[in-house]
file run_8.cif (mmCIF, C-alpha atoms)
data_coords
loop_
_atom_site.label_atom_id
_atom_site.label_comp_id
_atom_site.auth_asym_id
_atom_site.auth_seq_id
_atom_site.Cartn_x
_atom_site.Cartn_y
_atom_site.Cartn_z
CA MET A 1 1.55 -71.67 -7.84
CA ASP A 2 5.30 -71.25 -7.28
CA LEU A 3 7.48 -69.85 -10.06
CA GLU A 4 8.81 -73.16 -11.38
CA SER A 5 5.30 -74.69 -11.32
CA ASP A 6 4.03 -71.73 -13.31
CA PHE A 7 6.66 -72.29 -15.97
CA GLN A 8 6.03 -76.02 -15.89
CA TRP A 9 2.44 -75.28 -16.85
CA LEU A 10 3.52 -72.71 -19.48
CA ALA A 11 5.85 -75.22 -21.11
CA SER A 12 3.26 -77.99 -21.12
CA PHE A 13 1.32 -78.94 -24.22
CA SER A 14 -1.82 -77.60 -22.52
CA THR A 15 -0.70 -74.05 -23.41
CA ASP A 16 -0.42 -74.76 -27.13
CA GLU A 17 -4.01 -73.74 -27.73
CA ALA A 18 -3.52 -70.53 -25.78
CA TRP A 19 -0.40 -69.63 -27.76
CA ALA A 20 -2.07 -70.37 -31.08
CA TYR A 21 -5.12 -68.38 -30.01
CA CYS A 22 -3.23 -65.27 -28.95
CA LYS A 23 0.11 -65.00 -30.69
CA ASN A 24 -1.01 -63.47 -33.99
CA ALA A 25 -2.50 -60.40 -32.33
CA ASP A 26 -0.77 -57.03 -32.87
CA SER A 27 -1.27 -56.13 -29.22
CA PHE A 28 -1.83 -58.28 -26.17
CA PRO A 29 -5.32 -59.84 -26.46
CA LYS A 30 -6.56 -59.66 -22.86
CA ALA A 31 -10.14 -60.21 -23.95
CA ARG A 32 -9.14 -63.49 -25.57
CA LEU A 33 -7.60 -64.81 -22.37
CA ALA A 34 -10.90 -64.50 -20.56
CA LYS A 35 -12.38 -67.01 -23.01
CA LEU A 36 -9.80 -69.71 -22.27
CA GLY A 37 -11.06 -70.59 -18.79
CA LEU A 38 -7.61 -70.23 -17.17
CA SER A 39 -6.94 -69.73 -13.49
CA PRO A 40 -5.78 -66.24 -12.37
CA ASP A 41 -2.18 -67.51 -12.01
CA GLN A 42 -2.21 -69.14 -15.43
CA SER A 43 -3.65 -66.00 -17.01
CA HIS A 44 -0.97 -63.89 -15.32
CA TRP A 45 1.97 -65.99 -16.50
CA LEU A 46 0.65 -66.46 -20.01
CA GLN A 47 0.05 -62.71 -20.22
CA THR A 48 3.62 -62.05 -19.04
CA GLN A 49 5.06 -64.30 -21.76
CA MET A 50 2.81 -62.76 -24.40
CA GLU A 51 3.97 -59.28 -23.43
CA PHE A 52 7.59 -60.40 -23.71
CA ALA A 53 6.86 -61.87 -27.14
CA ILE A 54 5.28 -58.72 -28.58
CA GLY A 55 7.75 -56.44 -26.78
CA PRO A 56 11.40 -56.78 -25.71
CA ALA A 57 11.88 -60.38 -26.90
CA LYS A 58 11.53 -59.17 -30.50
CA ARG A 59 14.89 -57.45 -30.10
CA LYS A 60 16.52 -60.59 -28.74
CA VAL A 61 15.26 -63.53 -30.80
CA ILE A 62 14.03 -64.15 -34.32
CA GLN A 63 10.82 -66.01 -33.39
CA PRO A 64 9.82 -64.60 -29.99
CA TRP A 65 6.81 -66.91 -29.69
CA ASN A 66 9.16 -69.88 -29.35
CA TRP A 67 10.72 -68.69 -26.09
CA PHE A 68 9.98 -68.47 -22.36
CA TRP A 69 11.61 -65.90 -20.08
CA THR A 70 11.86 -64.19 -16.75
CA LYS A 71 12.44 -60.45 -16.87
CA ILE A 72 16.02 -60.73 -15.61
CA LEU A 73 16.99 -63.62 -17.88
CA LEU A 74 15.57 -61.79 -20.89
CA GLU A 75 17.61 -58.69 -20.01
CA GLN A 76 20.77 -60.77 -19.57
CA ALA A 77 20.37 -62.92 -22.69
CA SER A 78 22.57 -62.59 -25.75
CA ASP A 79 20.57 -61.69 -28.80
CA GLN A 80 20.09 -64.60 -31.17
CA TRP A 81 21.86 -62.96 -34.14
CA VAL A 82 25.05 -62.47 -32.09
CA ALA A 83 24.75 -65.90 -30.42
CA GLU A 84 24.57 -67.62 -33.81
CA GLN A 85 27.60 -65.65 -34.97
CA THR A 86 29.76 -66.45 -31.92
CA ALA A 87 28.72 -70.12 -32.04
CA GLU A 88 30.69 -70.27 -35.29
CA ASP A 89 33.87 -69.68 -33.26
CA PHE A 90 33.84 -73.37 -32.30
CA PRO A 91 35.00 -76.14 -34.65
CA LYS A 92 32.43 -78.66 -35.84
CA GLY A 93 32.41 -81.98 -34.00
CA VAL A 94 33.62 -80.75 -30.60
CA GLN A 95 31.86 -80.74 -27.24
CA VAL A 96 31.12 -77.28 -25.81
CA VAL A 97 30.28 -76.39 -22.23
CA ASP A 98 28.03 -73.32 -22.03
CA GLY A 99 28.67 -71.92 -18.56
CA CYS A 100 26.06 -69.60 -17.02
CA CYS A 101 23.63 -70.56 -19.78
CA GLY A 102 20.69 -68.42 -18.61
CA ALA A 103 17.58 -68.98 -20.73
CA GLY A 104 19.58 -70.87 -23.35
CA VAL A 105 20.03 -68.54 -26.34
CA ASP A 106 23.75 -69.33 -26.68
CA SER A 107 23.24 -73.04 -25.97
CA ILE A 108 20.64 -73.32 -28.71
CA ALA A 109 22.83 -71.39 -31.16
CA LEU A 110 25.67 -73.80 -30.36
CA ALA A 111 23.38 -76.79 -30.91
CA GLU A 112 22.36 -75.40 -34.29
CA HIS A 113 25.97 -74.69 -35.31
CA LEU A 114 27.14 -78.15 -34.23
CA GLU A 115 24.22 -79.60 -36.22
CA LEU A 116 22.73 -81.56 -33.35
CA SER A 117 19.65 -83.59 -34.14
CA SER A 118 16.42 -83.64 -32.18
CA GLU A 119 17.84 -86.56 -30.19
CA ALA A 120 19.48 -86.07 -26.80
CA SER A 121 23.18 -85.21 -27.04
CA ASP A 122 25.94 -84.12 -24.70
CA SER A 123 27.78 -82.16 -27.41
CA VAL A 124 26.42 -78.99 -25.81
CA LEU A 125 26.38 -78.99 -22.01
CA PRO A 126 24.55 -75.98 -20.53
CA ILE A 127 25.32 -75.21 -16.87
CA ASP A 128 23.64 -72.69 -14.57
CA ALA A 129 23.35 -72.15 -10.83
CA SER A 130 19.64 -71.34 -11.25
CA SER A 131 17.31 -74.30 -11.52
CA LEU A 132 14.75 -72.10 -13.27
CA ALA A 133 17.33 -71.02 -15.87
CA CYS A 134 18.05 -74.69 -16.53
CA GLN A 135 14.33 -75.38 -16.96
CA LEU A 136 13.96 -72.48 -19.39
CA THR A 137 16.97 -73.66 -21.41
CA ARG A 138 15.45 -77.15 -21.66
CA TRP A 139 12.03 -75.82 -22.69
CA ASN A 140 13.38 -73.19 -25.08
CA ALA A 141 15.53 -75.85 -26.74
CA ARG A 142 12.47 -78.02 -27.21
CA GLN A 143 10.51 -75.11 -28.65
CA ASN A 144 13.32 -74.56 -31.17
CA GLY A 145 13.78 -78.20 -32.19
CA PHE A 146 16.64 -79.39 -29.97
CA VAL A 147 17.05 -81.61 -26.93
CA LEU A 148 19.40 -80.17 -24.28
CA ASN A 149 19.98 -81.45 -20.77
CA PRO A 150 21.23 -78.53 -18.67
CA ARG A 151 23.08 -79.22 -15.46
CA HIS A 152 21.87 -77.34 -12.38
CA ALA A 153 25.10 -76.50 -10.54
CA ARG A 154 27.54 -73.76 -9.74
CA PHE A 155 30.11 -73.54 -12.51
CA GLU A 156 33.05 -73.85 -10.09
CA GLU A 157 31.62 -77.06 -8.59
CA VAL A 158 31.24 -78.99 -11.86
CA ASP A 159 33.85 -81.43 -13.16
CA LEU A 160 33.98 -80.48 -16.84
CA PRO A 161 34.58 -83.12 -19.53
CA ALA A 162 38.29 -83.44 -20.24
CA ARG A 163 38.23 -82.26 -23.88
CA ALA A 164 35.30 -79.87 -23.70
CA TRP A 165 35.66 -76.41 -25.21
CA LEU A 166 34.42 -73.53 -23.10
CA HIS A 167 31.75 -70.90 -23.84
CA LEU A 168 31.10 -68.67 -20.84
CA ASP A 169 28.94 -65.64 -20.05
CA PRO A 170 29.78 -64.85 -16.41
CA ASP A 171 27.30 -62.86 -14.35
CA ARG A 172 28.36 -59.20 -14.29
CA ARG A 173 25.41 -58.22 -12.10
CA ALA A 174 26.43 -60.23 -9.04
CA SER A 175 27.87 -57.12 -7.36
CA GLY A 176 26.04 -54.52 -9.46
CA ARG A 177 26.52 -54.19 -13.24
CA THR A 178 30.25 -53.96 -13.88
CA VAL A 179 32.87 -54.05 -16.63
CA ASP A 180 35.47 -55.53 -14.26
CA VAL A 181 36.05 -59.23 -14.94
CA TYR A 182 37.28 -59.61 -11.36
CA ALA A 183 33.83 -58.63 -10.07
CA THR A 184 31.95 -61.39 -11.91
CA GLU A 185 30.39 -64.62 -10.70
CA PRO A 186 31.98 -67.16 -10.93
CA SER A 187 35.29 -65.65 -9.84
CA TRP A 188 37.95 -64.89 -12.40
CA THR A 189 40.33 -67.24 -10.59
CA THR A 190 37.93 -70.11 -11.32
CA ILE A 191 37.37 -68.96 -14.89
CA ALA A 192 41.11 -68.63 -15.57
CA THR A 193 41.73 -72.19 -14.37
CA ARG A 194 38.97 -73.58 -16.60
CA ILE A 195 40.24 -71.61 -19.60
CA ASP A 196 43.72 -73.02 -19.07
CA GLN A 197 42.34 -76.57 -19.05
CA ALA A 198 40.10 -76.28 -22.14
CA PRO A 199 41.26 -76.84 -25.75
CA GLY A 200 39.77 -73.43 -26.55
CA ALA A 201 37.64 -70.82 -24.78
CA SER A 202 35.36 -67.90 -25.60
CA VAL A 203 34.38 -65.67 -22.67
CA LYS A 204 31.91 -62.80 -22.87
CA SER A 205 32.82 -59.52 -21.18
CA ALA A 206 31.47 -55.97 -21.16
CA PRO A 207 32.14 -53.93 -24.32
CA GLY A 208 33.85 -51.29 -22.18
CA PHE A 209 36.29 -53.65 -20.47
CA GLN A 210 39.85 -52.44 -21.14
CA PRO A 211 42.60 -54.09 -19.09
CA ASP A 212 45.67 -52.09 -18.14
CA ALA A 213 49.06 -53.19 -19.43
CA ASP A 214 49.86 -54.82 -16.07
CA PHE A 215 46.43 -56.48 -15.71
CA SER A 216 46.72 -59.90 -14.06
CA TRP A 217 44.96 -62.50 -16.21
CA GLY A 218 45.84 -65.33 -13.88
CA GLU A 219 46.49 -68.94 -14.79
CA CYS A 220 45.17 -68.70 -18.36
CA GLY A 221 47.34 -65.75 -19.38
CA ALA A 222 46.20 -62.94 -21.65
CA PRO A 223 43.70 -63.80 -24.39
CA ASP A 224 45.03 -64.46 -27.88
CA ALA A 225 42.40 -62.17 -29.38
CA ARG A 226 39.58 -59.83 -28.39
CA ARG A 227 36.47 -59.25 -30.45
CA TRP A 228 33.86 -56.49 -30.31
CA ILE A 229 30.49 -57.27 -31.85
CA SER A 230 27.82 -54.76 -32.92
CA ARG A 231 24.38 -55.22 -34.33
CA ASP A 232 22.49 -52.45 -36.14
CA GLY A 233 24.68 -49.71 -34.71
CA THR A 234 24.98 -50.86 -31.08
CA VAL A 235 27.91 -52.74 -29.54
CA ARG A 236 26.42 -55.84 -27.92
CA GLN A 237 29.44 -57.56 -26.37
CA GLN A 238 33.16 -58.09 -26.25
CA ARG A 239 34.55 -61.62 -26.42
CA LEU A 240 37.90 -62.81 -25.11
CA TYR A 241 39.44 -65.74 -27.00
CA TRP A 242 41.96 -68.39 -26.09
CA ARG A 243 43.06 -70.91 -28.76
CA ILE A 244 40.12 -70.34 -31.12
CA PRO A 245 41.26 -71.46 -34.62
CA ARG A 246 38.79 -69.20 -36.42
CA TRP A 247 40.74 -66.13 -35.27
CA GLU A 248 44.25 -67.55 -35.40
CA ASN A 249 46.90 -64.78 -35.49
CA ALA A 250 44.27 -62.08 -34.85
CA ALA A 251 44.74 -59.58 -32.02
CA ARG A 252 41.51 -57.58 -32.33
CA ILE A 253 38.39 -58.18 -34.37
CA ALA A 254 35.55 -55.76 -35.05
CA SER A 255 32.38 -57.52 -36.21
CA GLY A 256 29.30 -55.63 -37.33
CA PHE A 257 25.87 -56.78 -38.47
CA ARG A 258 23.52 -54.70 -40.61
CA LYS A 259 20.23 -55.98 -41.99
CA ALA A 260 21.11 -54.70 -45.45
CA SER A 261 24.54 -56.33 -45.67
CA GLY A 262 24.74 -59.07 -43.03
CA TRP A 263 27.93 -59.71 -41.04
CA HIS A 264 31.29 -58.11 -41.77
CA HIS A 265 34.55 -58.68 -39.87
CA GLU A 266 37.67 -56.53 -39.79
CA VAL A 267 40.63 -58.48 -38.40
CA PHE A 268 43.83 -56.85 -37.13
CA ASP A 269 47.02 -58.48 -35.95
CA GLU A 270 49.58 -56.91 -33.58
CA GLU A 271 51.78 -55.64 -36.42
CA ILE A 272 48.89 -53.80 -38.07
CA LEU A 273 47.91 -52.20 -34.76
CA GLU A 274 51.48 -51.02 -34.13
CA ASP A 275 51.73 -49.61 -37.66
CA SER A 276 48.40 -47.80 -37.23
CA GLU A 277 49.74 -45.82 -34.27
CA ARG A 278 52.65 -44.55 -36.39
CA TYR A 279 50.27 -43.87 -39.28
CA PHE A 280 48.05 -41.72 -37.09
CA ARG A 281 50.95 -39.67 -35.68
CA ILE A 282 52.17 -38.86 -39.19
CA LEU A 283 48.74 -37.97 -40.63
CA HIS A 284 47.51 -36.06 -37.59
CA GLU A 285 49.81 -33.16 -38.38
CA ARG A 286 48.50 -32.82 -41.95
CA THR A 287 44.75 -33.29 -41.58
CA GLU A 288 42.70 -30.55 -43.24
CA ILE A 289 39.03 -30.44 -44.13
CA GLN A 290 36.99 -28.32 -46.52
CA ALA A 291 33.58 -28.21 -48.14
CA GLY A 292 33.21 -30.80 -50.89
CA CYS A 293 35.24 -33.52 -49.22
CA TYR A 294 33.77 -36.66 -47.68
CA VAL A 295 33.65 -37.86 -44.08
CA ALA A 296 32.61 -41.26 -42.76
CA ASP A 297 31.04 -42.34 -39.51
CA HIS A 298 32.25 -45.82 -38.57
CA ASP A 299 30.62 -48.80 -36.93
CA PRO A 300 30.80 -48.55 -33.12
CA ALA A 301 32.53 -51.95 -32.95
CA LEU A 302 35.55 -50.31 -34.60
CA ARG A 303 35.60 -47.55 -31.98
CA ALA A 304 35.16 -49.98 -29.10
CA ALA A 305 38.02 -52.09 -30.46
CA GLY A 306 40.25 -49.04 -30.90
CA CYS A 307 40.69 -49.93 -34.58
CA VAL A 308 39.41 -46.83 -36.40
CA VAL A 309 42.94 -45.71 -37.29
CA ALA A 310 43.93 -49.24 -38.34
CA LEU A 311 40.98 -49.39 -40.75
CA ALA A 312 41.76 -45.88 -42.01
CA GLY A 313 45.30 -46.97 -42.80
CA ARG A 314 44.03 -50.11 -44.51
CA LEU A 315 41.69 -48.04 -46.72
CA GLN A 316 44.09 -45.07 -47.08
CA MET A 317 41.86 -42.57 -45.31
CA LYS A 318 42.64 -39.87 -42.75
CA VAL A 319 41.12 -39.55 -39.27
CA LEU A 320 39.83 -36.29 -37.82
CA GLY A 321 40.72 -35.18 -34.30
CA ASN A 322 41.86 -38.28 -32.46
CA GLU A 323 41.80 -42.05 -32.92
CA PHE A 324 38.01 -42.13 -32.39
CA GLY A 325 37.24 -39.39 -34.91
CA TYR A 326 35.42 -39.42 -38.22
CA CYS A 327 37.28 -40.72 -41.26
CA LEU A 328 38.14 -38.32 -44.09
CA ALA A 329 38.73 -38.92 -47.81
CA ASN A 330 38.61 -37.08 -51.13
CA GLN A 331 36.30 -39.79 -52.45
CA PRO A 332 34.09 -42.20 -50.47
CA VAL A 333 35.34 -45.76 -50.05
CA ALA A 334 32.61 -48.40 -50.19
CA HIS A 335 32.71 -50.42 -46.97
CA PRO A 336 29.92 -52.07 -44.92
CA MET A 337 31.21 -50.56 -41.65
CA LEU A 338 31.25 -46.96 -42.93
CA ARG A 339 28.48 -44.40 -43.54
CA TRP A 340 29.60 -41.62 -45.88
CA PHE A 341 28.59 -37.94 -45.87
CA ARG A 342 29.45 -35.12 -48.28
CA VAL A 343 30.49 -31.93 -46.48
CA LEU A 344 28.38 -28.98 -47.61
CA ASP A 345 29.58 -26.35 -45.15
CA LEU A 346 31.88 -25.89 -42.15
CA LEU A 347 31.03 -23.84 -39.07
CA PRO A 348 32.52 -23.24 -35.65
CA MET A 349 30.46 -24.74 -32.82
CA ASP A 350 28.43 -21.58 -32.23
CA ARG A 351 24.74 -22.24 -31.56
CA LYS A 352 23.52 -18.98 -33.11
CA LYS A 353 25.53 -19.56 -36.28
CA VAL A 354 24.38 -23.15 -36.48
CA ARG A 355 20.74 -22.12 -36.13
CA ALA A 356 21.18 -19.43 -38.79
CA MET A 357 22.74 -21.99 -41.09
CA SER A 358 19.75 -24.31 -40.70
CA ARG A 359 17.45 -21.54 -41.94
CA SER A 360 19.16 -21.55 -45.33
CA MET A 361 19.41 -25.34 -45.73
CA PRO A 362 16.58 -27.23 -47.55
CA PHE A 363 16.33 -30.12 -45.08
CA ALA A 364 13.15 -31.62 -43.64
CA THR A 365 15.02 -33.53 -40.93
CA TRP A 366 18.36 -33.36 -39.13
CA GLU A 367 20.56 -36.16 -37.84
CA LEU A 368 23.15 -35.07 -35.28
CA LYS A 369 26.34 -36.88 -34.26
CA SER A 370 29.36 -35.84 -32.20
CA ARG A 371 32.88 -37.17 -31.76
CA ASN A 372 35.20 -35.92 -29.01
CA VAL A 373 32.87 -33.01 -28.17
CA ASP A 374 30.45 -32.92 -25.23
CA VAL A 375 27.26 -31.34 -26.57
CA ASP A 376 23.55 -31.78 -25.86
CA LEU A 377 22.46 -33.12 -29.23
CA ILE A 378 18.80 -33.38 -28.26
CA GLN A 379 18.61 -29.70 -27.35
CA LEU A 380 20.64 -28.64 -30.37
CA ARG A 381 18.32 -30.57 -32.69
CA LYS A 382 15.35 -28.67 -31.25
CA GLU A 383 17.04 -25.38 -32.19
CA LEU A 384 17.56 -26.31 -35.84
CA LEU A 385 15.01 -25.08 -38.37
CA ILE A 386 13.49 -27.37 -40.98
CA ASP A 387 11.96 -26.97 -44.43
CA LYS A 388 8.59 -28.75 -44.35
CA ASN A 389 8.40 -28.69 -48.15
CA SER A 390 11.63 -30.62 -48.54
CA GLU A 391 12.21 -34.37 -48.65
CA ARG A 392 15.95 -34.15 -48.01
CA ALA A 393 17.68 -35.17 -44.77
CA GLY A 394 20.61 -33.20 -43.40
CA SER A 395 23.32 -34.26 -40.98
CA LEU A 396 25.31 -32.20 -38.52
CA LEU A 397 28.57 -33.91 -37.56
CA ILE A 398 30.36 -32.25 -34.68
CA THR A 399 33.99 -32.89 -33.85
CA LYS A 400 37.15 -31.35 -32.46
CA LEU A 401 40.04 -30.49 -34.76
CA GLY A 402 42.99 -29.16 -32.82
CA LYS A 403 41.47 -26.81 -30.27
CA GLN A 404 38.50 -25.90 -32.47
CA HIS A 405 35.03 -27.38 -32.08
CA LEU A 406 33.82 -27.83 -35.62
CA CYS A 407 30.36 -28.43 -37.13
CA MET A 408 30.25 -30.15 -40.49
CA VAL A 409 26.99 -29.64 -42.36
CA CYS A 410 26.56 -32.78 -44.45
CA GLU A 411 24.26 -34.89 -46.56
CA GLU A 412 24.54 -38.69 -46.49
CA ILE A 413 25.50 -40.41 -49.71
CA LEU A 414 25.64 -44.05 -50.80
CA ALA A 415 29.24 -45.08 -51.46
#
call {"tool": "encode", "arguments": {"input": "run_8.cif", "output": "structure tokens"}}
result
Amino acid sequence: MDLESDFQWLASFSTDEAWAYCKNADSFPKARLAKLGLSPDQSHWLQTQMEFAIGPAKRKVIQPWNWFWTKILLEQASDQWVAEQTAEDFPKGVQVVDGCCGAGVDSIALAEHLELSSEASDSVLPIDASSLACQLTRWNARQNGFVLNPRHARFEEVDLPARAWLHLDPDRRASGRTVDVYATEPSWTTIATRIDQAPGASVKSAPGFQPDADFSWGECGAPDARRWISRDGTVRQQRLYWRIPRWENAARIASGFRKASGWHHEVFDEEILEDSERYFRILHERTEIQAGCYVADHDPALRAAGCVVALAGRLQMKVLGNEFGYCLANQPVAHPMLRWFRVLDLLPMDRKKVRAMSRSMPFATWELKSRNVDVDLIQLRKELLIDKNSERAGSLLITKLGKQHLCMVCEEILA
């Protein structure tokens, strides 16, 4: 069987019994497969999909049994939580082209947001240069209650509908994984032209992409806004926006998702960002820290966006070290993108002193974090002593204040 034939069989109704038979197992039920009378190729491909479903697909989609993948397309896919959030960037009632659609996570999120029915519709037009990716998008849409008709074509060769909005996730692996938008496929020249022609555009880029001041954006010009998106403590993507009404007048957005609190967005315009630079220069000369005060670790989307100082100014907090440092306040400020710690003790970054400190602290576990200091946290954690009779958790927050490497011995609190 060739690859597309294998997936054709997997997506057929003849596999429904196999899925129903196997999918509720906690681990892959190889013994069950033997009872289904499948060919070796069928067993292999069903096993592969089952292993995705009970493994890495759980981190990407809400109902992993409703999806088909290849290894590469699973690795490249947006996770469903983020895809559903970025689908909201588009106004209701518009047509959206999803360029480089892959296995269809973003296309399906767009279909859900635009409230498409189970009938065929061209309101979402997935496009991909891989025929297999197009097949997976079609099948995954069906599995999730939508009808999509992907177009198998290179993005640069397709005549897009005149008033279609653009959602694009260009391939950053074409020349090896990269943060450079000029090293993607399709080329940035093509992308810039399509952005210029669309009513609005949302383009995914690497979280670490930071253009220089003289960066050449091409025909589309610089984006109106840039957005960094994290989920459960990890930055998943950066999005570049042109003419997206949802973020009108925004310059940078930090969006974070936590299971306990859902989505939260911090939006900053150019004036706020300029004021934050002045705010940091003034406060940096006066920052002091002592036992009994409170420090906060911030969501990584804020750091990636370069907006820690802007949020500190908004909430009237100080920032330790540099613009990526921990936040500091006399009292904790409740905020879904901040984790607060009470400082119990302060030490220089001396391993012997830190180990001696741990002997006197009643903590069963230690969480270690560092900002602006290069330290082997895994090795340092091994050197810390624990109290097996305790139920308390300690935190060691390491940072640089002036020229001093400082260890803050802390305990997390709920703000």
call {"tool": "resolve_selection", "arguments": {"input": "run_8.cif", "expression": "the PyMOL selection byres ((chain A and resi 186) around 8)", "output": "PyMOL selection string"}}
result
chain A and resi 155-156+170-171+184-185+187-188+190-191
call {"tool": "atom_distance", "arguments": {"input": "run_8.cif", "atom1": "atom CA of A:Ser121", "atom2": "atom CA of A:Ala57"}}
result
27.3 Å
call {"tool": "atom_distance", "arguments": {"input": "run_8.cif", "atom1": "atom CA of A:Pro211", "atom2": "atom CA of A:Gln197"}}
result
22.5 Å
call {"tool": "residues_around", "arguments": {"input": "run_8.cif", "residues": "A:Asp232", "least_positions_apart": "6", "cutoff": "12 Å", "atoms": "all atoms listed in the file", "output": "list in words"}}
result
Arg59, Asp79, Trp81, Val82, Ser255, Gly256, Phe257, Arg258, Lys259, Ala260, Ser261, Gly262, Trp263, His264, Asp299, Pro300, Ala301, Pro336 and Met337 of chain A
call {"tool": "atom_distance", "arguments": {"input": "run_8.cif", "atom1": "atom CA of A:Lys400", "atom2": "atom CA of A:Ala364"}}
result
26.5 Å
call {"tool": "resolve_selection", "arguments": {"input": "run_8.cif", "expression": "the PyMOL selection byres ((chain A and resi 100) around 9)", "output": "list of chain:residue names"}}
result
A:Asp98, A:Gly99, A:Cys101, A:Gly102, A:Pro126, A:Ile127, A:Asp128, A:Ala129, A:Ser130, A:Ala133, A:Arg154, A:Phe155, A:His167, A:Leu168, A:Asp169, A:Pro170, A:Asp171, A:Pro186
call {"tool": "closest_residue", "arguments": {"input": "run_8.cif", "among": "A:Val375, A:Ile386, A:Ala213, A:Leu338", "to": "A:Leu414", "atoms": "all atoms listed in the file"}}
result
A:Leu338
call {"tool": "residues_near_point", "arguments": {"input": "run_8.cif", "point": "(38.0, -40.7, -31.2)", "cutoff": "12 Å", "atoms": "all atoms listed in the file", "output": "mmCIF file with C-alpha atoms, keeping the file's coordinate frame"}}
result
data_model
loop_
_atom_site.group_PDB
_atom_site.id
_atom_site.type_symbol
_atom_site.label_atom_id
_atom_site.label_comp_id
_atom_site.auth_asym_id
_atom_site.auth_seq_id
_atom_site.Cartn_x
_atom_site.Cartn_y
_atom_site.Cartn_z
ATOM 1 C CA PHE A 280 48.050 -41.720 -37.090
ATOM 2 C CA ASP A 297 31.040 -42.340 -39.510
ATOM 3 C CA HIS A 298 32.250 -45.820 -38.570
ATOM 4 C CA PRO A 300 30.800 -48.550 -33.120
ATOM 5 C CA LEU A 302 35.550 -50.310 -34.600
ATOM 6 C CA ARG A 303 35.600 -47.550 -31.980
ATOM 7 C CA ALA A 304 35.160 -49.980 -29.100
ATOM 8 C CA ALA A 305 38.020 -52.090 -30.460
ATOM 9 C CA GLY A 306 40.250 -49.040 -30.900
ATOM 10 C CA CYS A 307 40.690 -49.930 -34.580
ATOM 11 C CA VAL A 308 39.410 -46.830 -36.400
ATOM 12 C CA VAL A 309 42.940 -45.710 -37.290
ATOM 13 C CA VAL A 319 41.120 -39.550 -39.270
ATOM 14 C CA LEU A 320 39.830 -36.290 -37.820
ATOM 15 C CA GLY A 321 40.720 -35.180 -34.300
ATOM 16 C CA ASN A 322 41.860 -38.280 -32.460
ATOM 17 C CA GLU A 323 41.800 -42.050 -32.920
ATOM 18 C CA PHE A 324 38.010 -42.130 -32.390
ATOM 19 C CA GLY A 325 37.240 -39.390 -34.910
ATOM 20 C CA TYR A 326 35.420 -39.420 -38.220
ATOM 21 C CA CYS A 327 37.280 -40.720 -41.260
ATOM 22 C CA SER A 370 29.360 -35.840 -32.200
ATOM 23 C CA ARG A 371 32.880 -37.170 -31.760
ATOM 24 C CA ASN A 372 35.200 -35.920 -29.010
ATOM 25 C CA VAL A 373 32.870 -33.010 -28.170
ATOM 26 C CA ILE A 398 30.360 -32.250 -34.680
ATOM 27 C CA THR A 399 33.990 -32.890 -33.850
ATOM 28 C CA LYS A 400 37.150 -31.350 -32.460
ATOM 29 C CA LEU A 401 40.040 -30.490 -34.760
#
call {"tool": "resolve_selection", "arguments": {"input": "run_8.cif", "expression": "the PyMOL selection byres ((chain A and resi 250) around 9)", "output": "number ranges by chain"}}
result
A: 224-226, 247-249, 251-253, 267-270
call {"tool": "closest_residue", "arguments": {"input": "run_8.cif", "among": "A:Gln238, A:Arg142, A:Gln49, A:Glu112", "to": "A:Glu84", "atoms": "all atoms listed in the file"}}
result
A:Glu112
call {"tool": "residues_around", "arguments": {"input": "run_8.cif", "residues": "A:Met408", "least_positions_apart": "2", "cutoff": "8 Å", "atoms": "all atoms listed in the file", "output": "list in words"}}
result
Val343, Leu344, Asp345, Leu346, Leu347, Leu396, Leu397, Ile398, Leu406 and Cys410 of chain A
call {"tool": "closest_residue", "arguments": {"input": "run_8.cif", "among": "A:Ala77, A:His152, A:Met317, A:Lys369", "to": "A:Gln237", "atoms": "only C-alpha atoms"}}
result
A:Ala77
call {"tool": "residues_around", "arguments": {"input": "run_8.cif", "residues": "A:Glu219", "least_positions_apart": "2", "cutoff": "6 Å", "atoms": "all atoms listed in the file", "output": "compact mmCIF listing (two decimals) with C-alpha atoms, in the coordinates of the input"}}
result
# COMPACT_ATOMS: atom_id res chain seq x y z
CA ALA A 192 41.11 -68.63 -15.57
CA THR A 193 41.73 -72.19 -14.37
CA GLY A 221 47.34 -65.75 -19.38
call {"tool": "closest_residue", "arguments": {"input": "run_8.cif", "among": "A:Lys92, A:Ser276, A:Lys353, A:Leu132", "to": "A:Ile72", "atoms": "only C-alpha atoms"}}
result
A:Leu132
call {"tool": "closest_residue", "arguments": {"input": "run_8.cif", "among": "A:Pro207, A:Pro161, A:Gly218, A:Pro150", "to": "A:Tyr182", "atoms": "all atoms listed in the file"}}
result
A:Gly218
call {"tool": "closest_residue", "arguments": {"input": "run_8.cif", "among": "A:Ile54, A:Ala206, A:Ile229, A:Val181", "to": "A:Ala83", "atoms": "all atoms listed in the file"}}
result
A:Ile229
